[in-house]
Amino acid sequence: MTIDPSAALEQRLTDALRAAFGDALPEGASPLLTPAKSTQFGDFQANAAMALGKALGMPPREVAQKIVAAAKVDDIAHPMEIAGPGFINIRLRDAVLAAACDAMDTEALGIDAPQAPRTVVVDLCGVNLAKQMHVGHLRATVIGDAIARLHERLGHRVVRQNHFGDWGLPIAMVTDAVLRAEKAGRIDLATLTLDGLERVYREAQSASAADRAGLAAVKRFGLGPKALAECEEQVLGAMESQQESKTALLRLQGGDKDYQRVWDRISRITLDACFENCRRLHARVDDSATAGESTYRDELADVIRDLESRGVAEASEGALIVRLDELGIKEPLLVRKSDGGFLYATTDLAGIRRRVGKIGADLVVYAVDARQSLHFRQVFAAAKKAGYARTKSGTDAELVHAAFGTVLGEDNRPFKTRSGDNVKLADLLDEAVERAAKAVAEKNPDLSDADRATIAEAIGIGAIKYTDLSSDRLRDYVFSFDRMLAFEGNTGPYLQYALVRILSIFRKAEERFGVRWDDLNGDLRVQTPEEKAIALTLLRYPTTVRSAAETAEPHRLCAYLFDLATAFSAFFAACPVLQAEDEAERASRLRLCRLTGRTLRDGLETLGLIPLERM
């Protein structure tokens, strides 16, 4: 039997449907097995009889009776009962639950290594050169890393890809601006910070922005020669700046030593700041996980030649497009502009070709915001049409856009500073840790400064991550420090504290009875309703992890961990552990505590949160 008894029940009842109705059974019929709404009716409820009654022209209660008669579940469940119009109530045997929990009580927690591990590539983070990470990068980083961790937990080979925006005209523009400032003595590359670099970027961007609308208004309303001269001068200056940027791009593409030196330095400054944020977020993103757009620069022309030579792409008004009508997408994908320039789509096609063809991906997941949904539908369709998604086995790799919504402020608008700027991610993390430190000091004033700092970092960062991950990723959510840092409710601190409580129980168990976590033995028994509830919850863990990975939805694991912590709280309140009636009962309940602790720790680490020993 599998670790999760519900899976065994599902299979047994599915077999019963086939045995009871044979060829008359509608295609796709299932037992419709769900957890019971109330424990007084049992542990599970099969609701197939109502729907099948209509399809088979038979009273639902009669359908239920036939299912019960054909089902072979006596070894795992008590005799099934039919209620109401045809609900089938099922109560598992206590010994079955105990045996399943006993089998799960290992480091693997019921998650066996796959017979054929997949290669999974996860596109995450996506920072841009010369720019600070802001709150918008939070979701791309923590959701992407959690999806990667889920697949790693299942035993697959995972390759992270930080799609670093480090190439193109805007990058040449800021490189040129920094080089000019260095030659003029206004910048020292050795001491240049990302804040300083971002200021140079904004100034260069402003200098290249031609106010053509303003010039048109001056002419339309006849605002006079002075205003006309000023606007013409601004537009002319911006056009010159744009031309300088184009020249700089040619020099950068040509490997000019000065431009290359400056570009290398500003890339390093940007990535070091990015990696520091990722380190604090416990997201595994570093140089080895970074694939900049610059790494594709020598592949783009070849992609275009290949698409054009095989007729996958065609000319349209001087540009090059891939038509996707036969794949159900009306909008063609533009892969080369009429001026010969490449686009994001070109790079993304090259990325799929590399990730599938060279890295060997069976699955590629893109953690990118939902506004890019059409883009990825087009790119995925074009990649399959071009054969770039074809694996060595001859099948197409699975391409998934793990789209996500927007982080909102408490005014329900995109989260910004009071001045309207994007909130810097580093500032957000700092504030979360500062607030967590105050809460920790209030709850445990005896902690040393070093311990308080370590715990506050884990709680503050964990609170931000958990709030993001526990939300359905497709939905927007409101950012609230007060809510996310609460020690009650569905929050990161609540789950961290649940594990701390369990570890505290074991410290007391060792002091009083000499019972240690690793040496705990004795039969595991499931008898009370609370023991049964936590056992049933524990046994859902393997299927929950698989489901969260398969759907790229970390919030499923978050919801499970909250259910587990809630079930443990009810169990601990109703079932004395250290004050158990006898040694056998104490050992059994300690094993349930340990299994809960192992599962909480494993789940927190799989989400990228830090488990704590004390709080």
# chains A, B, ... in the order shown; residues from 1 in each chain; ligands from 1
>>> residues_around(residues="Leu520 in chain A", least_positions_apart="6", cutoff="9 Å", atoms="only C-alpha atoms", output="list in words")
Ala587, Leu590, Arg591 and Arg594 of chain A
>>> closest_atom_pairs(of="range 118-170 of chain A", to="range 395-418 of chain A", cutoff="10 Å", atoms="only C-alpha atoms", output="CSV")
residue,atom,partner,partner_atom,distance
A:Thr119,CA,A:Ala397,CA,9.9
A:Val120,CA,A:Glu398,CA,9.5
A:Val121,CA,A:Leu399,CA,9.7
A:Val122,CA,A:Val400,CA,9.5
A:Asp123,CA,A:His401,CA,9.5
A:Leu124,CA,A:Ala402,CA,10.0
A:His134,CA,A:Lys416,CA,9.7
A:Val135,CA,A:Val407,CA,7.5
A:Gly136,CA,A:Val407,CA,7.2
A:Leu138,CA,A:Val407,CA,9.0
A:Arg139,CA,A:Phe404,CA,7.4
A:Ala140,CA,A:Phe404,CA,8.1
A:Ile143,CA,A:Ala402,CA,8.5
A:Gly144,CA,A:Ala402,CA,8.2
A:Ile147,CA,A:Ala402,CA,9.1
>>> closest_residue(among="A:Ala148, A:Ala98, A:Leu469, A:Leu52", to="Leu25 in chain A", atoms="only C-alpha atoms")
A:Leu52
>>> select_by_dssp(residues="range 394-492 of chain A", states="alpha helix (DSSP H)", output="count of residues only")
46
>>> select_by_dssp(residues="range 242-395 of chain A", states="strand (DSSP E)", output="ChimeraX atom specification")
/A:290-292,314-316,319-322,333-336,363-366
>>> write_last_selection(atoms="N, CA, C and O atoms", output="short mmCIF file (atom, residue, chain, number, x, y, z; two decimals), in the first residue's frame")
data_model
loop_
_atom_site.label_atom_id
_atom_site.label_comp_id
_atom_site.auth_asym_id
_atom_site.auth_seq_id
_atom_site.Cartn_x
_atom_site.Cartn_y
_atom_site.Cartn_z
N THR A 290 23.24 31.86 -13.66
CA THR A 290 22.93 33.07 -14.42
C THR A 290 23.28 32.89 -15.90
O THR A 290 24.38 32.50 -16.24
N ALA A 291 22.28 33.16 -16.74
CA ALA A 291 22.48 33.12 -18.19
C ALA A 291 22.02 34.45 -18.76
O ALA A 291 20.83 34.68 -18.96
N GLY A 292 22.97 35.35 -18.98
CA GLY A 292 22.63 36.68 -19.47
C GLY A 292 22.22 36.66 -20.93
O GLY A 292 22.56 35.74 -21.69
N GLU A 314 8.59 33.77 -41.99
CA GLU A 314 8.41 34.38 -43.31
C GLU A 314 8.46 35.90 -43.21
O GLU A 314 8.22 36.48 -42.14
N ALA A 315 8.79 36.53 -44.34
CA ALA A 315 8.89 37.99 -44.37
C ALA A 315 7.49 38.61 -44.35
O ALA A 315 6.54 38.08 -44.92
N SER A 316 7.39 39.75 -43.65
CA SER A 316 6.14 40.49 -43.60
C SER A 316 6.45 41.97 -43.40
O SER A 316 6.91 42.36 -42.32
N ALA A 319 9.80 42.82 -41.97
CA ALA A 319 10.13 42.11 -40.74
C ALA A 319 10.03 40.61 -40.98
O ALA A 319 9.65 40.16 -42.06
N LEU A 320 10.37 39.84 -39.95
CA LEU A 320 10.30 38.38 -40.06
C LEU A 320 9.39 37.87 -38.95
O LEU A 320 9.57 38.21 -37.77
N ILE A 321 8.40 37.06 -39.34
CA ILE A 321 7.42 36.57 -38.37
C ILE A 321 7.25 35.06 -38.47
O ILE A 321 7.59 34.45 -39.48
N VAL A 322 6.74 34.47 -37.39
CA VAL A 322 6.36 33.05 -37.39
C VAL A 322 4.85 33.02 -37.20
O VAL A 322 4.32 33.49 -36.19
N LEU A 333 4.29 35.66 -34.26
CA LEU A 333 5.41 36.03 -33.40
C LEU A 333 6.45 36.78 -34.23
O LEU A 333 6.97 36.25 -35.21
N LEU A 334 6.76 38.01 -33.84
CA LEU A 334 7.77 38.81 -34.51
C LEU A 334 9.14 38.40 -33.98
O LEU A 334 9.40 38.48 -32.78
N VAL A 335 10.03 37.94 -34.87
CA VAL A 335 11.35 37.46 -34.44
C VAL A 335 12.49 38.34 -34.95
O VAL A 335 13.62 38.21 -34.48
N ARG A 336 12.21 39.20 -35.93
CA ARG A 336 13.22 40.17 -36.38
C ARG A 336 12.51 41.41 -36.91
O ARG A 336 11.55 41.31 -37.68
N LEU A 363 11.52 19.53 -18.92
CA LEU A 363 10.54 20.51 -18.46
C LEU A 363 11.24 21.84 -18.29
O LEU A 363 12.31 21.91 -17.67
N VAL A 364 10.66 22.91 -18.83
CA VAL A 364 11.19 24.26 -18.64
C VAL A 364 10.07 25.11 -18.04
O VAL A 364 8.98 25.20 -18.62
N VAL A 365 10.33 25.69 -16.88
CA VAL A 365 9.32 26.51 -16.18
C VAL A 365 9.82 27.95 -16.13
O VAL A 365 10.96 28.21 -15.74
N TYR A 366 8.95 28.87 -16.54
CA TYR A 366 9.28 30.30 -16.54
C TYR A 366 8.48 31.00 -15.44
O TYR A 366 7.26 31.11 -15.53
#
>>> closest_residue(among="A:Leu503, A:Ala99, A:Val478, A:Leu374", to="Arg516 in chain A", atoms="only C-alpha atoms")
A:Leu503
>>> residues_around(residues="Arg452 in chain A", least_positions_apart="3", cutoff="8 Å", atoms="only C-alpha atoms", output="PyMOL selection string")
chain A and resi 437+440-441+447-449+455-456
>>> residues_around(residues="Met80 in chain A", least_positions_apart="3", cutoff="9 Å", atoms="only C-alpha atoms", output="number ranges by chain")
A: 68, 73-74, 77, 88-91
>>> residues_around(residues="range 191-204 of chain A", least_positions_apart="2", cutoff="8 Å", atoms="only C-alpha atoms", output="number ranges by chain")
A: 130-132, 173-174, 177-178, 187-189, 206-208, 266, 269-270, 273
>>> write_last_selection(atoms="N, CA, C and O atoms", output="compact mmCIF listing (two decimals), in the first residue's frame")
# COMPACT_ATOMS: atom_id res chain seq x y z
N ALA A 130 22.47 47.28 -14.27
CA ALA A 130 22.50 48.66 -13.78
C ALA A 130 21.21 49.07 -13.07
O ALA A 130 20.97 50.26 -12.89
N LYS A 131 20.41 48.09 -12.67
CA LYS A 131 19.18 48.41 -11.96
C LYS A 131 19.06 47.61 -10.66
O LYS A 131 19.47 46.45 -10.60
N GLN A 132 18.49 48.26 -9.65
CA GLN A 132 18.23 47.60 -8.38
C GLN A 132 17.12 46.57 -8.55
O GLN A 132 16.19 46.76 -9.32
N MET A 173 23.94 52.08 -23.95
CA MET A 173 23.75 53.47 -23.54
C MET A 173 24.38 53.73 -22.17
O MET A 173 25.13 54.70 -21.98
N VAL A 174 24.07 52.88 -21.18
CA VAL A 174 24.60 53.11 -19.84
C VAL A 174 26.10 52.81 -19.79
O VAL A 174 26.85 53.48 -19.07
N ALA A 177 27.72 55.88 -21.08
CA ALA A 177 27.61 56.97 -20.11
C ALA A 177 28.62 56.80 -18.98
O ALA A 177 29.24 57.78 -18.53
N VAL A 178 28.79 55.59 -18.50
CA VAL A 178 29.75 55.33 -17.42
C VAL A 178 31.18 55.56 -17.91
O VAL A 178 32.01 56.16 -17.21
N ILE A 187 33.56 59.51 -12.13
CA ILE A 187 33.26 58.17 -11.61
C ILE A 187 34.55 57.38 -11.43
O ILE A 187 35.45 57.44 -12.29
N ASP A 188 34.62 56.67 -10.31
CA ASP A 188 35.71 55.72 -10.08
C ASP A 188 35.08 54.33 -10.14
O ASP A 188 34.28 53.96 -9.28
N LEU A 189 35.42 53.56 -11.16
CA LEU A 189 34.80 52.24 -11.34
C LEU A 189 35.02 51.34 -10.14
O LEU A 189 34.15 50.53 -9.80
N SER A 206 17.20 59.69 -19.66
CA SER A 206 16.53 60.99 -19.81
C SER A 206 17.12 61.77 -20.98
O SER A 206 16.40 62.41 -21.75
N ALA A 207 18.45 61.69 -21.12
CA ALA A 207 19.13 62.43 -22.20
C ALA A 207 18.74 61.88 -23.57
O ALA A 207 18.77 62.62 -24.58
N SER A 208 18.36 60.62 -23.62
CA SER A 208 18.02 59.99 -24.91
C SER A 208 16.53 60.06 -25.24
O SER A 208 16.11 59.63 -26.30
N ILE A 266 30.17 46.87 -14.58
CA ILE A 266 28.80 47.18 -14.18
C ILE A 266 27.95 45.91 -14.11
O ILE A 266 27.00 45.83 -13.33
N ILE A 269 28.82 44.57 -10.61
CA ILE A 269 28.15 45.36 -9.57
C ILE A 269 26.68 44.94 -9.46
O ILE A 269 26.15 44.73 -8.37
N THR A 270 26.02 44.81 -10.61
CA THR A 270 24.59 44.45 -10.62
C THR A 270 24.38 43.05 -10.07
O THR A 270 23.49 42.83 -9.22
N ALA A 273 24.94 42.59 -6.21
CA ALA A 273 23.79 43.07 -5.43
C ALA A 273 22.63 42.09 -5.54
O ALA A 273 21.92 41.81 -4.56
>>> residues_around(residues="range 248-259 of chain A", least_positions_apart="6", cutoff="12 Å", atoms="only C-alpha atoms", output="list in words")
Asp166, Trp167, Gly168, Leu169, Pro170, Ile171, Ala172, Met173, Val174, Thr175, Asp176, Ala177, Val178, Leu179, Arg180, Glu182, Lys183, Ser241, Gln242, Arg265, Ile266, Ser267, Ser294, Thr295, Arg297 and Asp298 of chain A
>>> residues_around(residues="range 328-330 of chain A", least_positions_apart="2", cutoff="10 Å", atoms="only C-alpha atoms", output="PyMOL selection string")
chain A and resi 323-326+332-333+374+377-378+381
>>> atom_distance(atom1="CA of Trp263 in chain A", atom2="CA of Gly185 in chain A")
17.6 Å
>>> closest_residue(among="A:Ile67, A:Asp302, A:Ala24, A:Leu425", to="Phe342 in chain A", atoms="only C-alpha atoms")
A:Asp302
>>> atom_distance(atom1="CA of Ala383 in chain A", atom2="CA of Lys358 in chain A")
14.8 Å
>>> atom_distance(atom1="CA of Gln161 in chain A", atom2="CA of Ala289 in chain A")
5.0 Å
